[in-house]
Amino acid sequence: MHLNPPNWIEPVTQACELGESSCFTTGIDPGFANDLFPMTLMGLCSEVRKVRASELLDYTDYTGDYDREMGIGKPPEYRPLLENPDILVFAWGATVPMIAHAAGIMLDEITTTWDKWVTPTERKTAKGIIEPGNVAAVRFTINGVYQGQTRIQLEHVNRIGNDAAPDWPSGNQNDVYRVEIDGTPSIFQETAFRFTDGSGRDAAAAGCLATGLRALNAVPAVNNLSPGWVTALDLPLIPGVGTIR
């Protein structure tokens with residue numbers, strides 16, 4: 001993540017504001033697992049009391065950024081970047097009011113939570129060793145509060161080893177994205193991203209690929225829209241033209 005905007009943000013922002021081009025991003029991690037999936041399922045309900053979208057991943061083989069950003073592998077007193085509520089909302093929070101807008105409500109506020117789990121044993125990762133007494137799992141939420149209750153929630157549970165933080169949520173399979181709709185009817189969905197090509201790449205890498213392809217396959221639809229910022233609410237169904245061949 002970038003605390004300061006990356007060097008491409010300013011010219012893109014200026015171009016959008018001048019009406020010269022459009023910009024669409026799926027967000028951090030598979031953004032569609034946070035917005036497209038829950039919004040689609042909400043459309044199957046006559047009433048929605050609460051919607052929660054969760055990332056439940058084992059980072060043992062993941063080589064991306066999580067130590068300085070999430071504090072995994074650090075002492076529990078270390079305060080990682082994302083533990084700061086403002087930064088956490090900057091990274092993921094835009095999805096919460098977008099879902100609220102799709103549902104036709106105005107949120108009272110957006111809140112966050114952050115929890116850590118300390119490992120009692122040594123844990124090996126693709127990035128090195130996590131020593132006993134250091135953080136080996138984090139759980140955080142971004143919460144959309146409406147009429148005094150959390151009605152929209154994004155949750156992450158990221159752990160080193162599927163046995164880490166055993167009291168925290170896990171998928172029916174390992175490494176899944178889960179959507180839970182408490183409504184009429186209530187709906188429960190888990191989506192697993194996998195490589196089945198024998199490459200040995202892990203679920204986190206599959207999710208990263210899917211994130212990029214969501215944006216890539218959206219290019220024709222984005223080009224057909226008027227210049228400006230584009231969200232998932234502006235796009236049609238994107239089946240991925242040319243992907244079956």
# chains A, B, ... in the order shown; residues from 1 in each chain; ligands from 1

call {"tool": "select_by_dssp", "arguments": {"residues": "range 16-201 of chain A", "states": "helix (DSSP H, G or I)", "output": "JSON, numbers by chain"}}
result
{"A": [16, 17, 31, 32, 33, 34, 36, 37, 38, 39, 40, 41, 42, 67, 68, 69, 70, 81, 82, 83, 85, 86, 87, 88, 89, 90, 91, 92, 95, 96, 97, 98, 99, 100, 101, 102, 103]}

call {"tool": "write_last_selection", "arguments": {"atoms": "C-alpha atoms", "output": "PDB file, in the first residue's frame"}}
result
ATOM      1  CA  CYS A  16     -10.613  12.140 -14.838  1.00  0.00           C
ATOM      2  CA  GLU A  17     -11.455  15.559 -13.450  1.00  0.00           C
ATOM      3  CA  GLY A  31     -12.248  -6.299  -4.729  1.00  0.00           C
ATOM      4  CA  PHE A  32     -15.183  -8.091  -6.309  1.00  0.00           C
ATOM      5  CA  ALA A  33     -15.190 -10.496  -3.351  1.00  0.00           C
ATOM      6  CA  ASN A  34     -15.820  -7.443  -1.168  1.00  0.00           C
ATOM      7  CA  LEU A  36     -19.675  -7.562  -6.404  1.00  0.00           C
ATOM      8  CA  PHE A  37     -20.301 -10.817  -4.533  1.00  0.00           C
ATOM      9  CA  PRO A  38     -22.230  -9.347  -1.574  1.00  0.00           C
ATOM     10  CA  MET A  39     -24.176  -6.860  -3.724  1.00  0.00           C
ATOM     11  CA  THR A  40     -25.253  -9.640  -6.096  1.00  0.00           C
ATOM     12  CA  LEU A  41     -26.437 -11.803  -3.212  1.00  0.00           C
ATOM     13  CA  MET A  42     -28.223  -8.865  -1.561  1.00  0.00           C
ATOM     14  CA  ASP A  67       5.012  -7.649   8.186  1.00  0.00           C
ATOM     15  CA  ARG A  68       5.269  -3.848   8.304  1.00  0.00           C
ATOM     16  CA  GLU A  69       1.714  -3.437   7.027  1.00  0.00           C
ATOM     17  CA  MET A  70      -0.082  -5.994   9.241  1.00  0.00           C
ATOM     18  CA  LEU A  81       0.435   0.637   9.403  1.00  0.00           C
ATOM     19  CA  LEU A  82      -3.013  -0.862   8.926  1.00  0.00           C
ATOM     20  CA  GLU A  83      -3.773  -0.851  12.642  1.00  0.00           C
ATOM     21  CA  PRO A  85      -7.998   3.250  11.599  1.00  0.00           C
ATOM     22  CA  ASP A  86      -7.538   6.081   9.102  1.00  0.00           C
ATOM     23  CA  ILE A  87      -5.117   4.038   7.005  1.00  0.00           C
ATOM     24  CA  LEU A  88      -7.277   0.920   7.272  1.00  0.00           C
ATOM     25  CA  VAL A  89     -10.338   2.811   6.044  1.00  0.00           C
ATOM     26  CA  PHE A  90      -8.231   4.391   3.278  1.00  0.00           C
ATOM     27  CA  ALA A  91      -7.205   0.922   2.095  1.00  0.00           C
ATOM     28  CA  TRP A  92     -10.561  -0.921   2.241  1.00  0.00           C
ATOM     29  CA  THR A  95     -16.333  -0.507  -0.405  1.00  0.00           C
ATOM     30  CA  VAL A  96     -18.503  -0.085   2.695  1.00  0.00           C
ATOM     31  CA  PRO A  97     -20.287   3.161   1.662  1.00  0.00           C
ATOM     32  CA  MET A  98     -20.541   1.846  -1.916  1.00  0.00           C
ATOM     33  CA  ILE A  99     -22.539  -1.155  -0.683  1.00  0.00           C
ATOM     34  CA  ALA A 100     -24.613   1.201   1.466  1.00  0.00           C
ATOM     35  CA  HIS A 101     -25.257   3.421  -1.567  1.00  0.00           C
ATOM     36  CA  ALA A 102     -26.319   0.367  -3.586  1.00  0.00           C
ATOM     37  CA  ALA A 103     -28.764  -0.539  -0.789  1.00  0.00           C
TER      38      ALA A 103
END

call {"tool": "residues_around", "arguments": {"residues": "Val138 in chain A", "least_positions_apart": "5", "cutoff": "8 Å", "atoms": "only C-alpha atoms", "output": "ChimeraX atom specification"}}
result
/A:70,72,114-117,156-159

call {"tool": "residues_around", "arguments": {"residues": "Asn162 in chain A", "least_positions_apart": "2", "cutoff": "8 Å", "atoms": "only C-alpha atoms", "output": "ChimeraX atom specification"}}
result
/A:58,159-160,164,166,174

call {"tool": "residues_around", "arguments": {"residues": "Glu77 in chain A", "least_positions_apart": "4", "cutoff": "10 Å", "atoms": "only C-alpha atoms", "output": "list in words"}}
result
Gly71, Lys116, Asn134 and Val135 of chain A

call {"tool": "write_last_selection", "arguments": {"atoms": "N, CA and C atoms", "output": "mmCIF file, in the first residue's frame"}}
result
data_model
loop_
_atom_site.group_PDB
_atom_site.id
_atom_site.type_symbol
_atom_site.label_atom_id
_atom_site.label_comp_id
_atom_site.auth_asym_id
_atom_site.auth_seq_id
_atom_site.Cartn_x
_atom_site.Cartn_y
_atom_site.Cartn_z
ATOM 1 N N GLY A 71 1.847 -6.349 10.679
ATOM 2 C CA GLY A 71 2.507 -6.709 11.928
ATOM 3 C C GLY A 71 2.712 -8.193 12.116
ATOM 4 N N LYS A 116 -4.880 -9.248 17.413
ATOM 5 C CA LYS A 116 -3.642 -9.968 17.115
ATOM 6 C C LYS A 116 -3.628 -11.296 17.855
ATOM 7 N N ASN A 134 5.744 -13.825 18.915
ATOM 8 C CA ASN A 134 5.446 -12.812 17.916
ATOM 9 C C ASN A 134 4.081 -13.066 17.272
ATOM 10 N N VAL A 135 3.583 -12.078 16.591
ATOM 11 C CA VAL A 135 2.252 -12.152 15.988
ATOM 12 C C VAL A 135 2.274 -13.098 14.790
#

call {"tool": "atom_distance", "arguments": {"atom1": "CA of Gly73 in chain A", "atom2": "CA of Ala204 in chain A"}}
result
18.0 Å

call {"tool": "select_by_dssp", "arguments": {"residues": "range 144-215 of chain A", "states": "strand (DSSP E)", "output": "list of chain:residue names"}}
result
A:Gly144, A:Val145, A:Tyr146, A:Gln149, A:Thr150, A:Arg151, A:Ile152, A:Gln153, A:Leu154, A:Glu155, A:His156, A:Val157, A:Asn158, A:Arg159, A:Val176, A:Tyr177, A:Arg178, A:Val179, A:Glu180, A:Ile181, A:Asp182, A:Gly183, A:Thr184, A:Ile187, A:Phe188, A:Gln189, A:Glu190, A:Thr191

call {"tool": "write_last_selection", "arguments": {"atoms": "C-alpha atoms", "output": "mmCIF file, in the first residue's frame"}}
result
data_model
loop_
_atom_site.group_PDB
_atom_site.id
_atom_site.type_symbol
_atom_site.label_atom_id
_atom_site.label_comp_id
_atom_site.auth_asym_id
_atom_site.auth_seq_id
_atom_site.Cartn_x
_atom_site.Cartn_y
_atom_site.Cartn_z
ATOM 1 C CA GLY A 144 -20.616 0.353 8.311
ATOM 2 C CA VAL A 145 -22.915 1.521 11.119
ATOM 3 C CA TYR A 146 -26.554 2.323 10.270
ATOM 4 C CA GLN A 149 -25.924 -1.159 14.383
ATOM 5 C CA THR A 150 -23.192 -2.652 12.205
ATOM 6 C CA ARG A 151 -25.014 -3.541 9.005
ATOM 7 C CA ILE A 152 -22.119 -3.848 6.521
ATOM 8 C CA GLN A 153 -18.799 -5.424 7.493
ATOM 9 C CA LEU A 154 -15.556 -6.311 5.770
ATOM 10 C CA GLU A 155 -13.431 -8.791 7.722
ATOM 11 C CA HIS A 156 -9.929 -10.161 7.244
ATOM 12 C CA VAL A 157 -8.456 -13.125 9.070
ATOM 13 C CA ASN A 158 -4.886 -13.670 7.914
ATOM 14 C CA ARG A 159 -2.826 -16.311 9.653
ATOM 15 C CA VAL A 176 -11.540 -18.711 0.911
ATOM 16 C CA TYR A 177 -13.519 -15.528 0.508
ATOM 17 C CA ARG A 178 -16.828 -15.738 2.369
ATOM 18 C CA VAL A 179 -20.015 -13.719 2.056
ATOM 19 C CA GLU A 180 -22.700 -13.999 4.731
ATOM 20 C CA ILE A 181 -26.072 -12.347 4.263
ATOM 21 C CA ASP A 182 -28.358 -12.248 7.276
ATOM 22 C CA GLY A 183 -31.680 -11.607 5.601
ATOM 23 C CA THR A 184 -34.738 -13.103 3.948
ATOM 24 C CA ILE A 187 -27.317 -16.675 2.180
ATOM 25 C CA PHE A 188 -23.862 -18.171 2.798
ATOM 26 C CA GLN A 189 -21.240 -18.340 0.029
ATOM 27 C CA GLU A 190 -17.560 -19.292 -0.026
ATOM 28 C CA THR A 191 -15.345 -18.735 -3.071
#

call {"tool": "closest_residue", "arguments": {"among": "A:Ser22, A:Asn84, A:Asn223, A:Asn217", "to": "Leu237 in chain A", "atoms": "only C-alpha atoms"}}
result
A:Asn217

call {"tool": "residues_around", "arguments": {"residues": "Thr113 in chain A", "least_positions_apart": "3", "cutoff": "7 Å", "atoms": "only C-alpha atoms", "output": "PyMOL selection string"}}
result
chain A and resi 140-142

call {"tool": "residues_around", "arguments": {"residues": "range 208-213 of chain A", "least_positions_apart": "3", "cutoff": "12 Å", "atoms": "only C-alpha atoms", "output": "PyMOL selection string"}}
result
chain A and resi 24-34+62-64+191-195+201-205+216-219+238-241+243

call {"tool": "residues_around", "arguments": {"residues": "range 125-132 of chain A", "least_positions_apart": "5", "cutoff": "6 Å", "atoms": "only C-alpha atoms", "output": "MDAnalysis selection string"}}
result
chainID A and resid 60:61 73 119:120
